Structures are given as structure tokens and as C-alpha cells.
>>> print(open('final.txt').read())   # compact mmCIF, C-alpha atoms (C1' of nucleotides)
# COMPACT_ATOMS: atom_id res chain seq x y z
CA MET A 276 -13.27 45.18 -15.68
CA LYS A 277 -10.50 45.50 -13.15
CA ASN A 278 -10.64 43.78 -9.82
CA SER A 279 -12.42 45.44 -6.96
CA ASP A 280 -10.37 46.61 -3.99
CA LYS A 281 -12.80 44.93 -1.63
CA TRP A 282 -11.28 41.49 -1.60
CA PRO A 283 -8.40 42.20 0.82
CA LEU A 284 -10.79 43.02 3.66
CA LEU A 285 -13.01 40.04 2.85
CA LEU A 286 -9.92 37.87 2.92
CA LEU A 287 -8.91 39.20 6.34
CA GLU A 288 -12.42 38.54 7.58
CA TRP A 289 -12.30 34.98 6.27
CA PHE A 290 -8.90 34.48 7.89
CA SER A 291 -10.02 35.70 11.29
CA LYS A 292 -12.69 32.98 11.29
CA ASN A 293 -10.69 30.21 9.65
CA ARG A 294 -7.22 30.62 11.08
CA ARG A 295 -5.72 27.18 11.70
CA PRO A 296 -4.01 26.91 15.06
CA LEU A 297 -0.36 26.19 14.31
CA PRO A 298 2.48 25.80 16.79
CA TRP A 299 4.28 28.88 15.44
CA ARG A 300 1.17 31.04 15.51
CA SER A 301 0.38 33.09 18.56
CA GLU A 302 -1.98 35.93 19.24
CA GLY A 303 -0.38 39.33 19.05
CA LYS A 304 3.30 39.88 18.51
CA ARG A 305 5.25 37.09 16.92
CA ASP A 306 8.76 36.01 17.84
CA PRO A 307 10.96 36.72 14.79
CA TYR A 308 13.07 33.61 15.44
CA ALA A 309 9.96 31.42 15.58
CA VAL A 310 8.73 32.97 12.34
CA TRP A 311 12.10 32.41 10.69
CA VAL A 312 12.35 28.76 11.71
CA SER A 313 8.79 27.99 10.66
CA GLU A 314 9.19 29.75 7.33
CA VAL A 315 12.40 27.93 6.45
CA MET A 316 10.92 24.58 7.44
CA SER A 317 7.84 25.36 5.40
CA GLN A 318 9.72 25.97 2.15
CA GLN A 319 8.33 23.41 -0.29
CA THR A 320 6.97 21.46 2.65
CA LYS A 321 3.44 20.85 3.95
CA VAL A 322 2.33 22.25 7.28
CA GLU A 323 1.47 18.77 8.62
CA THR A 324 4.99 17.57 7.90
CA VAL A 325 6.55 20.61 9.53
CA LYS A 326 4.63 20.54 12.83
CA PRO A 327 6.54 17.82 14.71
CA TYR A 328 9.90 19.05 13.42
CA TYR A 329 9.12 22.60 14.51
CA GLU A 330 8.13 21.61 18.02
CA SER A 331 11.12 19.41 18.56
CA TRP A 332 13.42 22.04 17.07
CA MET A 333 12.17 24.79 19.35
CA GLU A 334 12.74 22.55 22.34
CA GLN A 335 16.32 21.89 21.39
CA PHE A 336 17.15 25.29 19.88
CA PRO A 337 14.73 27.76 21.50
CA SER A 338 16.53 30.95 20.52
CA VAL A 339 19.03 32.52 18.14
CA ALA A 340 21.74 32.31 20.77
CA GLU A 341 21.20 28.62 21.42
CA LEU A 342 21.04 27.66 17.76
CA ALA A 343 24.12 29.75 17.00
CA ALA A 344 26.06 27.74 19.57
CA ALA A 345 24.87 24.38 18.28
CA ASP A 346 26.95 21.74 16.52
CA GLU A 347 26.17 21.27 12.83
CA GLN A 348 25.79 17.52 13.14
CA ASP A 349 23.20 17.98 15.89
CA VAL A 350 21.39 20.48 13.69
CA LEU A 351 21.34 18.07 10.74
CA ARG A 352 20.17 15.31 13.03
CA GLN A 353 17.19 17.45 14.02
CA TRP A 354 16.46 18.10 10.35
CA GLN A 355 16.79 14.45 9.31
CA GLY A 356 13.79 13.35 7.26
CA LEU A 357 12.57 16.87 6.51
CA GLY A 358 14.48 17.14 3.22
CA TYR A 359 16.39 19.93 1.48
CA TYR A 360 19.18 19.74 4.01
CA SER A 361 20.93 22.88 2.80
CA ARG A 362 18.10 24.73 4.54
CA ALA A 363 19.37 23.53 7.90
CA LYS A 364 22.97 24.35 7.10
CA ASN A 365 22.09 27.78 5.74
CA LEU A 366 19.87 28.53 8.72
CA LEU A 367 22.71 27.70 11.08
CA THR A 368 25.12 29.90 9.12
CA ALA A 369 22.64 32.78 9.03
CA VAL A 370 21.72 32.53 12.71
CA ARG A 371 25.40 32.65 13.61
CA GLU A 372 25.74 35.80 11.53
CA VAL A 373 22.76 37.35 13.29
CA GLN A 374 24.31 36.46 16.63
CA ASN A 375 27.71 37.91 15.75
CA LYS A 376 26.84 40.83 13.51
CA TYR A 377 23.48 41.95 14.90
CA GLY A 378 23.93 41.00 18.53
CA GLY A 379 21.32 38.26 18.23
CA VAL A 380 18.58 40.58 16.97
CA ILE A 381 16.98 39.44 13.70
CA PRO A 382 16.75 42.37 11.25
CA SER A 383 13.35 43.74 10.36
CA GLU A 384 14.18 45.23 6.97
CA LYS A 385 13.87 43.09 3.89
CA ALA A 386 17.15 44.33 2.42
CA GLU A 387 19.09 43.22 5.49
CA LEU A 388 17.25 39.92 5.74
CA LEU A 389 18.09 39.20 2.10
CA THR A 390 21.80 39.19 2.89
CA LEU A 391 21.33 36.19 5.18
CA LYS A 392 22.12 32.72 3.87
CA GLY A 393 19.01 30.80 2.89
CA VAL A 394 16.77 33.88 3.12
CA GLY A 395 15.37 34.75 -0.29
CA ASP A 396 12.71 37.15 -1.43
CA TYR A 397 9.81 35.17 0.02
CA THR A 398 11.32 34.42 3.43
CA ALA A 399 12.62 37.96 3.84
CA GLY A 400 9.14 39.31 3.13
CA ALA A 401 7.57 36.80 5.48
CA ILE A 402 9.83 37.63 8.42
CA SER A 403 9.59 41.36 7.81
CA SER A 404 5.80 41.33 7.59
CA LEU A 405 4.77 38.54 9.97
CA ALA A 406 7.18 39.39 12.78
CA TYR A 407 7.54 43.16 12.32
CA ASN A 408 4.38 44.02 10.37
CA ARG A 409 6.34 45.81 7.67
CA PRO A 410 4.19 46.49 4.56
CA VAL A 411 6.00 44.17 2.16
CA ALA A 412 4.81 41.19 0.12
CA ALA A 413 5.69 37.55 0.80
CA VAL A 414 5.05 35.84 -2.50
CA ASP A 415 5.10 32.07 -2.40
CA GLY A 416 3.42 29.45 -4.56
CA ASN A 417 0.08 30.00 -2.82
CA VAL A 418 0.11 33.74 -3.39
CA LEU A 419 1.08 33.30 -7.03
CA ARG A 420 -1.79 30.89 -7.57
CA VAL A 421 -4.37 33.00 -5.72
CA LEU A 422 -3.44 36.22 -7.51
CA ALA A 423 -3.15 34.49 -10.88
CA ARG A 424 -6.77 33.45 -10.46
CA LEU A 425 -8.11 36.66 -8.92
CA TYR A 426 -6.54 38.76 -11.68
CA LYS A 427 -6.68 36.13 -14.45
CA ILE A 428 -2.95 36.15 -15.09
CA GLU A 429 -2.37 33.75 -17.97
CA GLU A 430 1.40 33.92 -18.14
CA ASN A 431 3.57 31.18 -16.64
CA ILE A 432 3.53 31.97 -12.91
CA LEU A 433 7.12 30.79 -12.53
CA SER A 434 8.38 33.65 -14.71
CA THR A 435 10.06 36.61 -13.03
CA ASN A 436 7.59 38.86 -14.81
CA VAL A 437 4.61 37.38 -13.05
CA LYS A 438 6.40 37.28 -9.73
CA LYS A 439 7.19 40.99 -9.97
CA GLU A 440 3.65 41.81 -11.02
CA VAL A 441 2.16 39.78 -8.16
CA THR A 442 4.54 41.40 -5.67
CA ARG A 443 3.41 44.80 -6.87
CA LEU A 444 -0.26 43.82 -6.70
CA VAL A 445 0.02 42.42 -3.18
CA GLU A 446 1.89 45.43 -1.85
CA SER A 447 -0.70 47.75 -3.37
CA GLN A 448 -3.51 45.85 -1.64
CA ILE A 449 -2.13 45.49 1.90
CA PRO A 450 -4.74 46.91 4.28
CA PRO A 451 -3.02 49.60 6.39
CA GLY A 452 -1.31 48.12 9.44
CA ARG A 453 -2.31 44.56 8.51
CA ALA A 454 0.63 43.33 6.41
CA GLY A 455 1.36 40.29 8.57
CA ASP A 456 -2.22 39.09 8.75
CA PHE A 457 -2.76 39.82 5.07
CA ASN A 458 0.24 37.82 3.88
CA GLU A 459 -0.56 34.93 6.16
CA ALA A 460 -4.19 35.03 5.09
CA LEU A 461 -3.22 34.83 1.43
CA MET A 462 -1.11 31.73 2.08
CA GLU A 463 -3.72 30.10 4.27
CA PHE A 464 -6.39 30.84 1.70
CA GLY A 465 -4.27 29.30 -1.03
CA ALA A 466 -3.64 26.21 1.07
CA VAL A 467 -7.26 25.67 2.10
CA ILE A 468 -9.64 27.23 -0.47
CA CYS A 469 -7.82 28.29 -3.62
CA ILE A 470 -6.06 24.95 -3.88
CA PRO A 471 -4.06 23.86 -6.94
CA LYS A 472 -6.10 21.41 -8.99
CA TYR A 473 -9.75 22.00 -8.27
CA PRO A 474 -10.27 25.17 -6.22
CA ARG A 475 -13.13 25.13 -3.70
CA CYS A 476 -14.97 28.01 -5.34
CA SER A 477 -18.27 27.13 -3.64
CA ASP A 478 -16.63 27.93 -0.28
CA CYS A 479 -14.73 30.93 -1.58
CA PRO A 480 -15.53 34.32 -0.06
CA LEU A 481 -13.77 36.04 -2.96
CA ALA A 482 -15.55 34.21 -5.77
CA ASP A 483 -17.44 37.33 -6.83
CA PHE A 484 -14.16 39.14 -7.43
CA CYS A 485 -12.32 36.31 -9.16
CA GLU A 486 -11.61 37.07 -12.81
CA ALA A 487 -10.56 33.51 -13.54
CA LYS A 488 -13.87 32.17 -12.25
CA ALA A 489 -15.77 34.81 -14.21
CA ALA A 490 -14.01 33.54 -17.32
CA GLY A 491 -14.51 29.87 -16.41
CA MET A 492 -10.74 29.46 -16.11
CA GLU A 493 -10.42 28.58 -12.43
CA THR A 494 -9.15 25.08 -13.18
CA VAL A 495 -6.96 26.24 -16.07
CA LEU A 496 -5.06 28.86 -14.09
CA PRO A 497 -2.42 29.19 -12.97
CA VAL A 498 -0.29 28.16 -15.91
CA ARG A 499 2.97 26.60 -14.90
CA LEU A 500 5.69 25.19 -17.12
CA ALA A 501 5.89 21.41 -17.39
CA SER A 502 8.53 19.77 -15.27
CA LYS A 503 11.02 17.38 -16.77
CA LYS A 504 10.79 13.63 -16.66
CA GLN A 505 12.61 11.81 -13.88
CA THR A 506 15.82 9.98 -14.72
CA GLU A 507 17.32 6.80 -13.28
CA GLU A 508 20.39 6.32 -11.09
CA LYS A 509 22.02 2.99 -10.36
CA TYR A 510 24.38 2.39 -7.46
CA ALA A 511 26.09 -0.52 -5.75
CA VAL A 512 26.24 -0.05 -1.97
CA LEU A 513 28.46 -1.80 0.53
CA VAL A 514 27.62 -2.67 4.12
CA CYS A 515 31.07 -3.54 5.39
CA ARG A 516 31.39 -5.05 8.86
CA ARG A 517 34.25 -5.39 11.27
CA ASN A 518 33.33 -7.07 14.55
CA LYS A 519 30.35 -5.04 15.78
CA SER A 520 31.11 -1.99 13.69
CA VAL A 521 30.15 -0.91 10.20
CA LEU A 522 32.01 1.34 7.77
CA VAL A 523 30.29 4.62 6.94
CA ARG A 524 31.26 7.86 5.28
CA GLN A 525 30.09 11.44 5.41
CA ARG A 526 28.96 12.97 2.14
CA PRO A 527 30.56 16.14 0.74
CA ASP A 528 29.52 19.37 2.43
CA ARG A 529 27.53 20.55 -0.57
CA GLY A 530 25.16 19.07 -3.11
CA LEU A 531 22.86 16.11 -2.59
CA LEU A 532 22.34 15.18 1.09
CA ALA A 533 25.27 17.40 2.01
CA SER A 534 27.15 16.37 5.16
CA MET A 535 24.79 13.48 5.83
CA TRP A 536 26.12 9.96 6.46
CA GLU A 537 25.79 6.99 4.13
CA PHE A 538 27.14 3.57 3.30
CA PRO A 539 29.91 3.71 0.72
CA ALA A 540 28.60 3.35 -2.83
CA VAL A 541 29.72 3.40 -6.44
CA ARG A 542 27.78 4.30 -9.51
CA GLY A 543 26.54 1.44 -11.69
CA GLU A 544 25.31 -1.99 -10.68
CA GLU A 545 25.72 -4.34 -13.61
CA GLY A 546 29.12 -6.06 -13.92
CA ARG A 547 32.23 -5.05 -11.97
CA ALA A 548 30.26 -3.68 -9.03
CA GLU A 549 32.21 -5.78 -6.52
CA GLU A 550 35.50 -4.75 -8.12
CA LYS A 551 34.57 -1.10 -8.02
CA LEU A 552 33.57 -1.37 -4.37
CA LYS A 553 36.87 -3.06 -3.56
CA ASP A 554 38.74 -0.29 -5.36
CA LEU A 555 36.82 2.30 -3.38
CA MET A 556 37.75 0.60 -0.11
CA ALA A 557 41.36 0.27 -1.20
CA SER A 558 41.46 4.00 -1.90
CA VAL A 559 40.91 4.64 1.81
CA GLY A 560 43.25 1.87 3.01
CA ILE A 561 40.78 -0.93 3.69
CA SER A 562 40.79 -4.38 2.18
CA VAL A 563 37.54 -6.28 2.24
CA PHE A 564 35.95 -9.58 1.27
CA ILE A 565 32.69 -8.94 -0.55
CA GLU A 566 29.95 -11.53 -0.65
CA PRO A 567 29.04 -12.10 -4.31
CA GLU A 568 25.29 -12.04 -3.88
CA ILE A 569 23.19 -8.93 -3.55
CA VAL A 570 21.46 -8.97 -0.16
CA MET A 571 18.99 -6.21 -0.81
CA LYS A 572 17.63 -4.31 -3.78
CA ILE A 573 16.10 -0.95 -3.12
CA LYS A 574 14.01 1.14 -5.49
CA HIS A 575 13.59 4.62 -4.15
CA VAL A 576 12.13 7.69 -5.85
CA PHE A 577 14.05 10.55 -4.46
CA SER A 578 15.26 14.00 -5.51
CA HIS A 579 13.34 13.78 -8.78
CA LYS A 580 15.17 10.60 -9.78
CA LYS A 581 14.49 6.90 -9.62
CA TRP A 582 17.25 5.25 -7.64
CA HIS A 583 18.17 1.58 -7.89
CA LEU A 584 20.45 0.43 -5.09
CA SER A 585 22.06 -3.01 -5.03
CA VAL A 586 23.34 -3.67 -1.53
CA TYR A 587 26.34 -5.95 -0.97
CA GLU A 588 27.76 -7.17 2.30
CA GLY A 589 31.46 -7.29 3.06
CA GLN A 590 33.84 -8.33 5.80
CA TYR A 591 36.87 -6.31 6.76
CA THR A 592 40.07 -8.25 6.09
CA GLY A 593 42.78 -5.71 6.86
CA GLY A 594 44.17 -2.22 6.63
CA ASN A 595 43.62 1.08 8.38
CA LEU A 596 41.52 4.07 7.37
CA THR A 597 43.61 6.76 5.71
CA GLU A 598 40.74 9.28 5.62
CA LYS A 599 39.77 9.72 9.24
CA GLU A 600 37.57 12.77 8.71
CA LYS A 601 34.93 11.57 6.30
CA TRP A 602 35.09 7.85 6.98
CA GLN A 603 34.63 5.98 10.19
CA TRP A 604 33.92 2.62 11.77
CA LEU A 605 30.66 3.12 13.55
CA PRO A 606 29.49 0.77 16.29
CA VAL A 607 26.19 -0.66 15.07
CA CYS A 608 24.48 0.29 18.31
CA GLU A 609 25.27 3.97 17.60
CA TYR A 610 24.13 4.49 14.02
CA THR A 611 21.05 6.42 15.06
CA SER A 612 23.27 9.13 16.47
CA LEU A 613 24.34 10.27 13.01
CA PRO A 614 22.19 12.08 10.45
CA TRP A 615 21.05 9.71 7.69
CA ALA A 616 18.67 10.42 4.87
CA GLY A 617 17.51 9.43 1.43
CA PRO A 618 17.65 5.79 0.36
CA HIS A 619 20.59 5.12 2.67
CA GLY A 620 18.32 5.50 5.65
CA LYS A 621 16.53 2.34 4.52
CA ILE A 622 19.69 0.27 4.63
CA THR A 623 20.19 0.88 8.33
CA ALA A 624 17.35 -1.64 8.72
CA LEU A 625 19.85 -4.35 7.75
CA LEU A 626 21.87 -3.59 10.84
CA SER A 627 19.26 -4.37 13.47
C1' DG B 73 17.12 31.27 -16.64
C1' DA B 74 17.68 26.66 -15.77
C1' DG B 75 18.89 22.98 -12.97
C1' DG B 76 19.82 20.93 -8.41
C1' DC B 77 18.04 20.05 -4.08
C1' DG B 78 13.98 15.76 -0.27
C1' DT B 79 9.97 14.13 1.16
C1' DG B 80 5.20 12.71 1.38
C1' DG B 81 0.40 12.98 -0.14
C1' DC B 82 -2.77 12.82 -3.77
C1' DT B 83 -4.67 11.49 -8.26
C1' DT C 486 1.68 3.77 -11.83
C1' DA C 487 4.04 7.95 -12.65
C1' DG C 488 3.51 12.54 -12.29
C1' DC C 489 2.28 16.60 -9.93
C1' DC C 490 2.71 19.58 -6.31
C1' DA C 491 3.82 21.96 -1.67
C1' DA C 492 4.91 28.38 3.01
C1' DG C 493 11.95 28.49 -2.13
C1' DC C 494 16.84 29.20 -2.38
C1' DC C 495 21.44 28.72 -4.33
C1' DT C 496 24.62 28.27 -8.06
>>> encode(input="final.txt", output="C-alpha cells")
Amino acid sequence: MKNSDKWPLLLLEWFSKNRRPLPWRSEGKRDPYAVWVSEVMSQQTKVETVKPYYESWMEQFPSVAELAAADEQDVLRQWQGLGYYSRAKNLLTAVREVQNKYGGVIPSEKAELLTLKGVGDYTAGAISSLAYNRPVAAVDGNVLRVLARLYKIEENILSTNVKKEVTRLVESQIPPGRAGDFNEALMEFGAVICIPKYPRCSDCPLADFCEAKAAGMETVLPVRLASKKQTEEKYAVLVCRRNKSVLVRQRPDRGLLASMWEFPAVRGEEGRAEEKLKDLMASVGISVFIEPEIVMKIKHVFSHKKWHLSVYEGQYTGGNLTEKEKWQWLPVCEYTSLPWAGPHGKITALLS
DNA sequence: GAGGCGTGGCT
DNA sequence: TAGCCAAGCCT
């Protein structure tokens, strides 16, 4: 038996009664910029985590024009602690394109939105439907899970096949004129009722239409491929002082913690760590005396890896920085002005 | 298609 | 504890 078409209206009814008040939700028409910011922040991130970042962000960068004019370091500083920092960099790039190419007006069509940096299929659908009420799907992890259960989809939900099928299903079920509410309701429903491990079927208004529940498979579905085991990374880190300053460097502009600041580090901890740190300093023109003992050991699970950091202290003994762009002596009283993240954020505690 | 990319809460 | 998972996107 195929699923009844009744569930979309029941879902909308449930949503109208159970809509959580969120800072980016307002009655009536929604500001496309506010939708965009909240959607990007919400990628792989819980609502509760996003809230304070969103509010502070909108105070500092209240519009496309103001964000477009912002400095990247200030933008990263606002994003510090939220994770997936390429989101912030891509958002800045994309907002600048909107400002220059579209006169500051965020496009409403999915195809145009998709050309923007950091805007993929989900986010394009979300902006187009939530802000402009266009009848397109916005398929995220919640929607995949909810539909996989409602329609008893037993394939791996991470496959492109399932994603296409779910997109088609959602778009075929959008109640006329209600695309924005419908997409948001699906996500909210997935976050509150049709939750991952043990869905709250006793509170579910759609239980009668759920094929997974009918088959007793509500805790089996959705099927998702196993993730890989976390690996280990070992680094020796140097806190190098000179009077009241400390030596820091900016990471490369892509990859892990792109463009964020850190204490210089070399891979590997056992043996030769002090030598390798000295070589690293020498490569940028600085000679340093390194204390032989490790002053701090940090174990930090981060970016799907287990990181072991051995922190050394050093004193500047001579030389001048040859790489002025990515390296700098930072007065200790100013380190909070730079964006830090990951395990290196913990080391700043040594400075105070 | 697979792997890289953060962080925090929950089990 | 170690693993799983959460409003994904880029390469």
C-alpha cells in the first residue's frame, strides 16, 4: 500500500502548534539574508549551538552590504568556535558576489543560488523556499530520515539515488503555496519527533501513515553507511616568548582550520621534537632556546581524529622574522583579537 | 563517490 | 569510553 497524501497537511497542522521560536524565525515574510545566514550556520550544527552565534552575527553584520564590506579576519573571529570555518569564508565570498553581481539582492531561483560559494542543493532549496516560497525541496538529514521512515526506504540514505527520490517525493507533496512552511516543518519534525535513534512514535501525528512503523522498522531505518574509525595525530607545539609577546602563525587559507591562528607545531612528538621545532623557527629566521620538558600535554578529539599535542616553551634568542605575512609576534594581551580554534585554542590558557 | 572539514551532546 | 550524529559543501 502506497502512502496516503494526507500526511503533508497533518504535518503542517502539527508545525503550526509546535513551532519553536527561533531568532531567525518571524511571522510572515522572511528576510532572505537572515535565512541564508541561519541555514549556513545550521549545516551539521544543532540549533542550540547556532542561536548565540546567529544573534551576535546579525548585530555585527546585519545585511548583505555590511557583511560584504567586512574584513575576513573579523568574520572568522565571529565564527570562532562554531566549526567548519570554510562556511564563514564561503559565505563572505558569496555575499560579496551578491553585492557586486546582483546589486545586493539575494537570488530567489535555485539555479542561481547554486552558483554561490558554499550554497549547495540543500541551502539553495532552503533559501528559495523559506524566503521566497518557491515550490522546491530542501533535503537535509532530517528530511532524509523522515521520508525514509514514512516511505520505508531501505537503501542507504546517503546515496544519491535516495536523495533524488526523496527530493522528488517532497516536491510532489508540497501543499500549494506552502513550500516554506512545509520544508521547515519537515526539518522541525525530524529534529523533535522523528529523531535518529528512537523516534517518538507515541507523539507522532503521522504514525498512521508511516510505512516503517507499520513494518516494525522505525528503529532500523534509516540505513546509513558506517563511518570510518578515527585515527591519531601527534604534534609538538611551541609557545615561544619574547618579552611580553608570543610567536604565532596563520594557517594556510584552505584545509583544516583555514586562515585561523595557531602556535607553531611540527608533526610527531617522540624523539627530535625539539630539534624539529628549532628547524621550523630557523626556517623563518628565528633562533630559540627550547626548554627540554613538556609543559602541557593535550588530548583533543577533533575533526574525526584523536590529537595528541605536546607543548614546549621557548625563549627567543635572536633573529628577525622573514615571513611577515603568516607569522607574527603577538602581544600576549592581544591574543583574543585573533581567530583561534581547535586544540590550539586550549593552549592560549598558558598565556594568562 | 569518497574523503576532508569542527564542535558538542548523547549513549 | 568511543562512537554516533546533527538544518552540508567542496574537492
>>> atom_distance(input="final.txt", atom1="CA of His619 (chain A)", atom2="CA of Pro327 (chain A)")
22.4 Å
>>> closest_atom_pairs(input="final.txt", of="region 425-510 of chain A", to="region 74-82 of chain B", cutoff="12 Å", atoms="only C-alpha atoms (C1' of nucleotides)", output="CSV")
residue,atom,partner,partner_atom,distance
A:Leu433,CA,B:DA74,C1',11.8
A:Ser434,CA,B:DA74,C1',11.7
A:Pro471,CA,B:DC82,C1',11.6
A:Lys472,CA,B:DC82,C1',10.6
A:Ser502,CA,B:DG75,C1',11.1
A:Lys503,CA,B:DG75,C1',10.4
>>> closest_atom_pairs(input="final.txt", of="chain C", to="chain A", cutoff="8 Å", atoms="all atoms listed in the file", output="Markdown table")
| residue | atom | partner | partner_atom | distance |
| --- | --- | --- | --- | --- |
| C:DA491 | C1' | A:Gln319 | CA | 4.9 |
| C:DA492 | C1' | A:Ser317 | CA | 4.8 |
| C:DG493 | C1' | A:Gln318 | CA | 5.4 |
| C:DC494 | C1' | A:Gly393 | CA | 5.9 |
| C:DC495 | C1' | A:Gly393 | CA | 7.9 |
>>> closest_residue(input="final.txt", among="A:Pro539, A:Pro410, A:Arg529, A:Thr611", to="DT496 (chain C)", atoms="all atoms listed in the file")
A:Arg529
>>> interface_residues(input="final.txt", of="chain A", to="chain B", cutoff="9 Å", atoms="all atoms listed in the file", output="PyMOL selection string")
chain A and resi 320-321+324+356-361+530-532+577-579+616-617
>>> atom_distance(input="final.txt", atom1="CA of Lys304 (chain A)", atom2="CA of Glu288 (chain A)")
19.2 Å
>>> residues_around(input="final.txt", residues="region 305-308 of chain A", least_positions_apart="6", cutoff="8 Å", atoms="only C-alpha atoms (C1' of nucleotides)", output="list in words")
Ser338, Val339, Ile381, Ile402, Leu405, Ala406 and Tyr407 of chain A
>>> residues_near_point(input="final.txt", point="(37.4, -3.1, 1.3)", cutoff="8 Å", atoms="all atoms listed in the file", output="MDAnalysis selection string")
chainID A and resid 515 552:557 560:565 589:592
>>> write_last_selection(input="final.txt", atoms="C-alpha atoms", output="tab-separated table (two decimals), keeping the file's coordinate frame")
chain	number	residue	atom	x	y	z
A	515	CYS	CA	31.07	-3.54	5.39
A	552	LEU	CA	33.57	-1.37	-4.37
A	553	LYS	CA	36.87	-3.06	-3.56
A	554	ASP	CA	38.74	-0.29	-5.36
A	555	LEU	CA	36.82	2.30	-3.38
A	556	MET	CA	37.75	0.60	-0.11
A	557	ALA	CA	41.36	0.27	-1.20
A	560	GLY	CA	43.25	1.87	3.01
A	561	ILE	CA	40.78	-0.93	3.69
A	562	SER	CA	40.79	-4.38	2.18
A	563	VAL	CA	37.54	-6.28	2.24
A	564	PHE	CA	35.95	-9.58	1.27
A	565	ILE	CA	32.69	-8.94	-0.55
A	589	GLY	CA	31.46	-7.29	3.06
A	590	GLN	CA	33.84	-8.33	5.80
A	591	TYR	CA	36.87	-6.31	6.76
A	592	THR	CA	40.07	-8.25	6.09
>>> atom_distance(input="final.txt", atom1="CA of Glu508 (chain A)", atom2="CA of Lys581 (chain A)")
6.1 Å
>>> closest_residue(input="final.txt", among="A:Ala533, A:Ile449, A:Ile470, A:Cys476", to="DC490 (chain C)", atoms="all atoms listed in the file")
A:Ile470
>>> residues_around(input="final.txt", residues="Gln603 (chain A)", least_positions_apart="4", cutoff="7 Å", atoms="all atoms listed in the file", output="list of chain:residue names")
A:Leu522, A:Val523, A:Arg524, A:Lys599
>>> residues_near_point(input="final.txt", point="(0.5, 26.8, 15.1)", cutoff="12 Å", atoms="only C-alpha atoms (C1' of nucleotides)", output="PyMOL selection string")
chain A and resi 294-302+305+309-310+313+322-323+325-327+329-330
>>> write_last_selection(input="final.txt", atoms="C-alpha atoms", output="mmCIF file, in the coordinates of the input")
data_model
loop_
_atom_site.group_PDB
_atom_site.id
_atom_site.type_symbol
_atom_site.label_atom_id
_atom_site.label_comp_id
_atom_site.auth_asym_id
_atom_site.auth_seq_id
_atom_site.Cartn_x
_atom_site.Cartn_y
_atom_site.Cartn_z
ATOM 1 C CA ARG A 294 -7.220 30.620 11.080
ATOM 2 C CA ARG A 295 -5.720 27.180 11.700
ATOM 3 C CA PRO A 296 -4.010 26.910 15.060
ATOM 4 C CA LEU A 297 -0.360 26.190 14.310
ATOM 5 C CA PRO A 298 2.480 25.800 16.790
ATOM 6 C CA TRP A 299 4.280 28.880 15.440
ATOM 7 C CA ARG A 300 1.170 31.040 15.510
ATOM 8 C CA SER A 301 0.380 33.090 18.560
ATOM 9 C CA GLU A 302 -1.980 35.930 19.240
ATOM 10 C CA ARG A 305 5.250 37.090 16.920
ATOM 11 C CA ALA A 309 9.960 31.420 15.580
ATOM 12 C CA VAL A 310 8.730 32.970 12.340
ATOM 13 C CA SER A 313 8.790 27.990 10.660
ATOM 14 C CA VAL A 322 2.330 22.250 7.280
ATOM 15 C CA GLU A 323 1.470 18.770 8.620
ATOM 16 C CA VAL A 325 6.550 20.610 9.530
ATOM 17 C CA LYS A 326 4.630 20.540 12.830
ATOM 18 C CA PRO A 327 6.540 17.820 14.710
ATOM 19 C CA TYR A 329 9.120 22.600 14.510
ATOM 20 C CA GLU A 330 8.130 21.610 18.020
#
>>> closest_residue(input="final.txt", among="A:Ala489, A:Cys469, A:Ala624, A:Val586", to="Leu286 (chain A)", atoms="all atoms listed in the file")
A:Cys469
>>> closest_residue(input="final.txt", among="A:Ile573, A:Ala490, A:Ile468, A:Ala386", to="Tyr426 (chain A)", atoms="all atoms listed in the file")
A:Ala490
>>> build_atoms(input="final.txt", residues="region 511-515 of chain A", atoms="all heavy atoms", output="PDB file, in the coordinates of the input")
ATOM      1  N   ALA A 511      25.795   0.649  -6.581  1.00  0.00           N
ATOM      2  CA  ALA A 511      26.090  -0.520  -5.750  1.00  0.00           C
ATOM      3  C   ALA A 511      26.568  -0.003  -4.397  1.00  0.00           C
ATOM      4  O   ALA A 511      27.436   0.867  -4.322  1.00  0.00           O
ATOM      5  CB  ALA A 511      27.158  -1.384  -6.399  1.00  0.00           C
ATOM      6  N   VAL A 512      25.985  -0.537  -3.329  1.00  0.00           N
ATOM      7  CA  VAL A 512      26.240  -0.050  -1.970  1.00  0.00           C
ATOM      8  C   VAL A 512      26.874  -1.158  -1.152  1.00  0.00           C
ATOM      9  O   VAL A 512      26.525  -2.329  -1.320  1.00  0.00           O
ATOM     10  CB  VAL A 512      24.906   0.379  -1.309  1.00  0.00           C
ATOM     11  CG1 VAL A 512      25.153   0.960   0.066  1.00  0.00           C
ATOM     12  CG2 VAL A 512      24.162   1.368  -2.192  1.00  0.00           C
ATOM     13  N   LEU A 513      27.790  -0.782  -0.276  1.00  0.00           N
ATOM     14  CA  LEU A 513      28.460  -1.800   0.530  1.00  0.00           C
ATOM     15  C   LEU A 513      28.226  -1.595   2.023  1.00  0.00           C
ATOM     16  O   LEU A 513      28.508  -0.529   2.571  1.00  0.00           O
ATOM     17  CB  LEU A 513      29.972  -1.766   0.262  1.00  0.00           C
ATOM     18  CG  LEU A 513      30.782  -2.802   1.052  1.00  0.00           C
ATOM     19  CD1 LEU A 513      30.390  -4.224   0.653  1.00  0.00           C
ATOM     20  CD2 LEU A 513      32.274  -2.589   0.864  1.00  0.00           C
ATOM     21  N   VAL A 514      27.691  -2.642   2.656  1.00  0.00           N
ATOM     22  CA  VAL A 514      27.620  -2.670   4.120  1.00  0.00           C
ATOM     23  C   VAL A 514      28.796  -3.517   4.577  1.00  0.00           C
ATOM     24  O   VAL A 514      28.775  -4.729   4.482  1.00  0.00           O
ATOM     25  CB  VAL A 514      26.284  -3.267   4.602  1.00  0.00           C
ATOM     26  CG1 VAL A 514      26.275  -3.386   6.118  1.00  0.00           C
ATOM     27  CG2 VAL A 514      25.118  -2.410   4.123  1.00  0.00           C
ATOM     28  N   CYS A 515      29.827  -2.851   5.059  1.00  0.00           N
ATOM     29  CA  CYS A 515      31.070  -3.540   5.390  1.00  0.00           C
ATOM     30  C   CYS A 515      31.244  -3.631   6.909  1.00  0.00           C
ATOM     31  O   CYS A 515      31.269  -2.613   7.599  1.00  0.00           O
ATOM     32  CB  CYS A 515      32.259  -2.780   4.782  1.00  0.00           C
ATOM     33  SG  CYS A 515      33.844  -3.529   5.157  1.00  0.00           S
TER      34      CYS A 515
END
